[in-house]
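So this one's data.tsv, TSV, C-alpha atoms:
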chain	number	residue	atom	x	y	z
A	628	MET	CA	0.00	0.00	0.00
A	629	THR	CA	1.26	3.49	-0.88
A	630	ASP	CA	2.51	5.48	2.09
A	631	LEU	CA	0.38	8.63	2.40
A	632	THR	CA	1.92	9.82	5.67
A	633	VAL	CA	3.52	12.84	4.02
A	634	LYS	CA	1.31	15.37	2.28
A	635	TYR	CA	2.63	18.66	0.97
A	636	PHE	CA	1.05	21.99	0.15
A	637	SER	CA	2.24	25.20	-1.45
A	638	SER	CA	0.63	28.54	-2.09
A	639	GLY	CA	1.27	28.07	-5.80
A	640	MET	CA	-1.15	25.15	-6.07
A	641	THR	CA	-4.28	26.03	-8.03
A	642	GLY	CA	-7.18	26.49	-5.65
A	643	ALA	CA	-4.92	26.83	-2.60
A	644	PRO	CA	-6.29	29.15	0.10
A	645	GLN	CA	-4.58	32.52	0.13
A	646	ILE	CA	-3.55	34.55	3.17
A	647	ALA	CA	-4.15	38.26	2.65
A	648	ASN	CA	-4.44	41.07	5.16
A	649	ASN	CA	-7.82	39.95	6.54
A	650	TRP	CA	-8.91	38.69	9.94
A	651	GLY	CA	-9.53	34.95	9.78
A	652	ASP	CA	-7.36	34.20	6.74
A	653	LEU	CA	-4.99	32.02	8.77
A	654	VAL	CA	-7.89	29.94	10.12
A	655	THR	CA	-9.33	29.58	6.61
A	656	MET	CA	-5.97	28.34	5.32
A	657	LEU	CA	-5.53	25.84	8.15
A	658	ASP	CA	-9.12	24.61	7.75
A	659	ALA	CA	-8.33	23.81	4.12
A	660	CYS	CA	-4.99	22.11	4.76
A	661	LEU	CA	-5.83	20.28	7.99
A	662	ILE	CA	-9.58	19.58	7.82
A	663	ASN	CA	-11.38	20.08	4.50
A	664	GLY	CA	-8.95	19.86	1.60
A	665	PHE	CA	-9.21	22.23	-1.36
A	666	ALA	CA	-9.36	22.49	-5.17
A	667	LEU	CA	-12.53	20.39	-5.44
A	668	LYS	CA	-13.20	19.20	-9.01
A	669	ALA	CA	-15.95	17.15	-10.63
A	670	ILE	CA	-14.61	14.06	-12.41
A	671	ASP	CA	-16.21	13.33	-15.80
A	672	THR	CA	-15.05	9.72	-16.15
A	673	LEU	CA	-13.07	7.31	-13.99
A	674	THR	CA	-11.66	4.20	-15.65
A	675	PHE	CA	-9.45	1.28	-14.61
A	676	ALA	CA	-6.87	-0.89	-16.37
A	677	ASP	CA	-3.85	-2.89	-15.17
A	678	GLY	CA	-4.01	-1.63	-11.60
A	679	ILE	CA	-4.25	2.05	-12.58
A	680	ALA	CA	-7.26	4.37	-12.37
A	681	THR	CA	-7.48	7.29	-14.79
A	682	ALA	CA	-9.61	10.31	-13.89
A	683	THR	CA	-10.69	12.66	-16.65
A	684	ILE	CA	-11.67	16.25	-15.89
A	685	SER	CA	-12.50	17.91	-19.19
A	686	SER	CA	-12.53	21.41	-17.71
A	687	GLY	CA	-8.94	20.94	-16.56
A	688	HIS	CA	-7.26	20.51	-13.18
A	689	ALA	CA	-3.94	21.32	-11.53
A	690	TYR	CA	-3.20	18.19	-9.50
A	691	ARG	CA	0.47	17.27	-9.57
A	692	PRO	CA	2.42	14.00	-9.48
A	693	PHE	CA	3.15	12.87	-5.89
A	694	GLN	CA	0.37	15.09	-4.55
A	695	VAL	CA	-2.23	13.25	-2.45
A	696	VAL	CA	-5.81	13.57	-3.71
A	697	GLU	CA	-9.09	12.36	-2.25
A	698	ILE	CA	-11.57	10.66	-4.58
A	699	ALA	CA	-15.24	10.28	-3.68
A	700	GLY	CA	-18.58	9.32	-5.18
A	701	ALA	CA	-17.85	6.04	-6.97
A	702	GLU	CA	-20.16	3.09	-6.31
A	703	GLN	CA	-17.09	0.86	-6.54
A	704	PRO	CA	-15.19	1.42	-3.26
A	705	GLU	CA	-11.82	0.62	-4.81
A	706	TYR	CA	-11.86	3.99	-6.56
A	707	ASN	CA	-12.63	6.01	-3.42
A	708	GLY	CA	-10.22	7.25	-0.78
A	709	GLN	CA	-6.88	9.02	-0.70
A	710	PHE	CA	-4.25	8.27	-3.32
A	711	ARG	CA	-0.93	9.67	-4.50
A	712	VAL	CA	-1.04	11.01	-8.05
A	713	LEU	CA	1.22	9.03	-10.40
A	714	THR	CA	0.98	11.02	-13.62
A	715	ALA	CA	-0.96	14.06	-14.77
A	716	THR	CA	-1.89	15.96	-17.91
A	717	MET	CA	-4.02	19.10	-18.15
A	718	THR	CA	-7.24	17.04	-18.20
A	719	THR	CA	-6.34	13.66	-16.64
A	720	PHE	CA	-4.46	12.14	-13.74
A	721	THR	CA	-3.74	8.57	-12.67
A	722	TYR	CA	-3.42	6.72	-9.39
A	723	ALA	CA	-2.90	3.10	-8.29
A	724	VAL	CA	-5.96	1.06	-7.29
A	725	THR	CA	-6.12	-2.22	-5.38
A	726	GLY	CA	-8.54	-4.83	-6.75
A	727	THR	CA	-10.34	-4.98	-10.06
A	728	PRO	CA	-13.23	-2.51	-10.00
A	729	VAL	CA	-15.75	-2.23	-12.82
A	730	SER	CA	-14.65	0.23	-15.50
A	731	PRO	CA	-15.81	2.89	-15.96
A	732	ALA	CA	-16.80	3.79	-12.41
A	733	THR	CA	-20.48	4.39	-11.74
A	734	THR	CA	-22.06	6.83	-9.31
A	735	VAL	CA	-25.48	7.71	-7.96
A	736	THR	CA	-24.37	11.26	-7.12
A	737	SER	CA	-21.19	12.56	-8.75
A	738	LEU	CA	-17.50	11.73	-8.90
A	739	SER	CA	-15.13	14.24	-7.35
A	740	ALA	CA	-11.49	14.88	-6.53
A	741	LYS	CA	-9.77	17.36	-4.24
A	742	VAL	CA	-6.40	17.92	-2.61
A	743	ALA	CA	-6.53	15.70	0.48
A	744	PRO	CA	-6.27	17.39	3.90
A	745	LEU	CA	-3.99	16.15	6.67
A	746	GLY	CA	-7.06	14.82	8.46
A	747	TRP	CA	-6.91	16.63	11.80
A	748	ASP	CA	-9.78	17.31	14.20
A	749	LYS	CA	-11.14	20.77	15.00
A	750	PRO	CA	-12.76	20.30	18.43
A	751	PHE	CA	-13.16	24.01	19.26
A	752	SER	CA	-13.87	27.06	17.13
A	753	ALA	CA	-15.39	30.54	17.06
A	754	THR	CA	-15.30	33.45	14.62
A	755	HIS	CA	-11.71	33.62	13.30
A	756	LYS	CA	-10.55	31.27	16.08
A	757	ALA	CA	-9.83	27.54	15.97
A	758	ALA	CA	-8.16	24.72	17.87
A	759	TYR	CA	-6.76	21.78	15.90
A	760	ARG	CA	-5.61	18.33	17.05
A	761	SER	CA	-3.81	15.55	15.20
A	762	LYS	CA	-5.64	12.22	14.92
A	763	ASN	CA	-2.31	10.38	14.99
A	764	PRO	CA	-2.45	8.08	18.05
A	765	GLN	CA	1.29	8.60	18.54
A	766	SER	CA	0.74	12.34	18.91
A	767	PRO	CA	0.63	13.72	22.49
A	768	GLN	CA	-2.83	15.08	21.52
A	769	ASN	CA	-2.04	18.68	22.35
A	770	LEU	CA	-3.99	21.42	20.56
A	771	LEU	CA	-2.75	23.97	18.03
A	772	LEU	CA	-4.63	27.12	19.12
A	773	ILE	CA	-5.15	29.97	16.64
A	774	ASP	CA	-6.72	33.35	17.43
A	775	ASN	CA	-6.89	35.32	14.18
A	776	SER	CA	-9.71	37.60	15.35
A	777	LEU	CA	-9.86	41.38	15.56
A	778	LYS	CA	-7.52	42.66	18.28
A	779	THR	CA	-9.02	45.36	20.49
A	780	PRO	CA	-8.70	47.91	22.00
A	781	ASN	CA	-6.39	50.37	20.29
A	782	TYR	CA	-6.13	48.51	16.98
A	783	THR	CA	-5.49	50.80	14.00
A	784	THR	CA	-6.97	49.57	10.75
A	785	SER	CA	-3.86	50.54	8.78
A	786	TRP	CA	-1.81	47.99	10.72
A	787	ALA	CA	-1.12	44.50	9.41
A	788	LYS	CA	-3.37	41.81	10.86
A	789	TRP	CA	-1.82	39.19	13.13
A	790	ALA	CA	-2.68	35.97	14.94
A	791	ASN	CA	-1.94	34.62	18.39
A	792	VAL	CA	-0.63	31.09	17.90
A	793	GLY	CA	0.17	28.56	20.61
A	794	ILE	CA	0.18	24.92	21.64
A	795	VAL	CA	-1.97	24.00	24.64
A	796	GLU	CA	-2.57	20.84	26.60
A	797	ASP	CA	-6.36	21.12	26.44
A	798	LEU	CA	-9.32	23.51	26.34
A	799	SER	CA	-12.72	23.63	28.00
A	800	ASP	CA	-13.88	26.06	25.30
A	801	ILE	CA	-12.14	28.07	22.59
A	802	ASP	CA	-11.19	30.84	25.07
A	803	THR	CA	-10.31	28.75	28.15
A	804	ILE	CA	-6.99	26.91	28.31
A	805	VAL	CA	-6.69	23.85	30.54
A	806	GLY	CA	-3.24	22.65	31.62
A	807	ALA	CA	0.11	23.59	30.15
A	808	GLN	CA	0.60	25.97	27.28
A	809	ALA	CA	3.36	27.35	25.10
A	810	PRO	CA	4.23	30.15	24.98
A	811	MET	CA	3.79	30.53	28.75
A	812	THR	CA	1.75	33.28	30.38
A	813	ARG	CA	3.12	35.68	32.97
A	814	THR	CA	1.20	33.82	35.68
A	815	THR	CA	3.53	30.87	35.15
A	816	ARG	CA	6.48	33.18	35.94
A	817	ARG	CA	8.13	32.23	32.69
A	818	ARG	CA	9.00	34.20	29.64
A	819	THR	CA	6.13	34.77	27.24
A	820	GLY	CA	6.53	34.56	23.50
A	821	SER	CA	7.10	37.91	21.87
A	822	ARG	CA	5.12	39.28	18.97
A	823	SER	CA	6.92	38.79	15.70
A	824	PRO	CA	7.85	41.80	13.57
A	825	PRO	CA	5.61	42.80	10.66
A	826	ALA	CA	6.21	39.93	8.27
A	827	SER	CA	4.48	36.99	6.74
A	828	GLY	CA	4.65	33.46	8.10
A	829	VAL	CA	3.56	31.81	11.29
A	830	GLY	CA	5.17	30.30	14.34
A	831	THR	CA	4.15	28.70	17.58
A	832	SER	CA	5.80	31.25	19.82
A	833	GLY	CA	3.78	34.37	20.45
A	834	SER	CA	2.04	36.06	17.55
A	835	THR	CA	2.42	36.23	13.83
A	836	ARG	CA	1.68	39.11	11.49
A	837	ALA	CA	-0.22	38.22	8.34
A	838	ALA	CA	1.00	40.39	5.49
A	839	PRO	CA	-0.39	39.62	2.01
A	840	SER	CA	1.38	36.31	1.50
A	841	THR	CA	0.75	32.59	1.54
A	842	ARG	CA	3.91	31.36	3.20
A	843	ALA	CA	1.96	30.33	6.28
A	844	MET	CA	0.73	27.33	4.30
A	845	ALA	CA	4.02	25.75	5.34
A	846	THR	CA	2.56	25.58	8.86
A	847	ALA	CA	0.13	22.90	7.76
A	848	ALA	CA	2.91	20.77	6.33
A	849	ALA	CA	5.05	21.32	9.43
A	850	VAL	CA	2.40	20.45	11.99
A	851	GLY	CA	1.29	17.54	9.86
A	852	ALA	CA	4.76	16.08	9.91
A	853	THR	CA	5.41	16.60	13.61
A	854	GLY	CA	2.00	16.49	15.31
A	855	CYS	CA	1.15	18.77	18.20
Once more with this new file: its structure as structure tokens, please.
Amino acid sequence: MTDLTVKYFSSGMTGAPQIANNWGDLVTMLDACLINGFALKAIDTLTFADGIATATISSGHAYRPFQVVEIAGAEQPEYNGQFRVLTATMTTFTYAVTGTPVSPATTVTSLSAKVAPLGWDKPFSATHKAAYRSKNPQSPQNLLLIDNSLKTPNYTTSWAKWANVGIVEDLSDIDTIVGAQAPMTRTTRRRTGSRSPPASGVGTSGSTRAAPSTRAMATAAAVGATGC
């Protein structure tokens, strides 16, 4: 079976979520990479021969070799699930299938493909806020906590937006931390994380400014590889 442990994302992928200077953009990006996937496309036909499935999307797609896609909608279960793309043209892509499903695939709804997410949970959320947790049983099950909401008081609209980003042991709700956290608060008598300078990107120490950029998509790949 193909190893799908590693998934990668880049801002240059067609349909990738973009981080601009808006509240909530970081949460939207992480939702796409960790939870929902992105670049959803309807598949026109799905055929099988010699262990390989070929998906045809006449309107075009931008899936790339080695990228992991998620296929859904086929009545034959062998076609459905997450697969690594083997080859791709402007209107087709192929992936390996186990078994010998009927060809072409049939559906009672529709056939679809999208860039597969990392498959994390999102147990807590609010407007422009979210907490994410890896489903990997080997993960310590800590939460990646994002607050990308409007910062008040004294916020000037000409400033770049930013997000408070941290790792916490647990939450009772999106605004109430339970147990240990990083960066630490002053009540723990330890150094807190400092706010980063106006720049793009994201870290897990203190805050991050969100200038018009998409580099923070690397966060999804990083947390997916390490777990929280």
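Nearest residue to Lys778 of chain A, choosing from A:Gln694, A:Ser766, A:Asn791, A:Thr803 and counting all atoms listed in the file: A:Asn791.
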Nearest-residue call for Ile679 of chain A, choices A:Thr655, A:Asn707, A:Gly700, A:Gly726, using all atoms listed in the file = A:Gly726
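Using all atoms listed in the file for every distance, the candidate list A:Phe675, A:Tyr635, A:Phe693, A:Phe710 yields A:Tyr635 as the residue closest to Cys660 of chain A.
With distances restricted to all atoms listed in the file, A:Val742 is the closest residue to Ala666 of chain A from A:Ala699, A:Ile794, A:Val742, A:Val735.
As for atom CA of Thr672 of chain A and atom CA of Asp658 of chain A, they are spaced 28.8 Å apart.
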In the coordinates of the file, take the point (-8.4, 30.6, -5.6) and a cut-off of 12 Å; then, counting all atoms listed in the file, name each qualifying protein, DNA or RNA residue as a short mmCIF file (atom, residue, chain, number, x, y, z; two decimals) with C-alpha atoms, in the frame of the given file.
data_model
loop_
_atom_site.label_atom_id
_atom_site.label_comp_id
_atom_site.auth_asym_id
_atom_site.auth_seq_id
_atom_site.Cartn_x
_atom_site.Cartn_y
_atom_site.Cartn_z
CA SER A 638 0.63 28.54 -2.09
CA GLY A 639 1.27 28.07 -5.80
CA MET A 640 -1.15 25.15 -6.07
CA THR A 641 -4.28 26.03 -8.03
CA GLY A 642 -7.18 26.49 -5.65
CA ALA A 643 -4.92 26.83 -2.60
CA PRO A 644 -6.29 29.15 0.10
CA GLN A 645 -4.58 32.52 0.13
CA ILE A 646 -3.55 34.55 3.17
CA MET A 656 -5.97 28.34 5.32
CA ALA A 659 -8.33 23.81 4.12
CA PHE A 665 -9.21 22.23 -1.36
CA ALA A 666 -9.36 22.49 -5.17
CA LEU A 667 -12.53 20.39 -5.44
CA ALA A 689 -3.94 21.32 -11.53
CA THR A 841 0.75 32.59 1.54
#
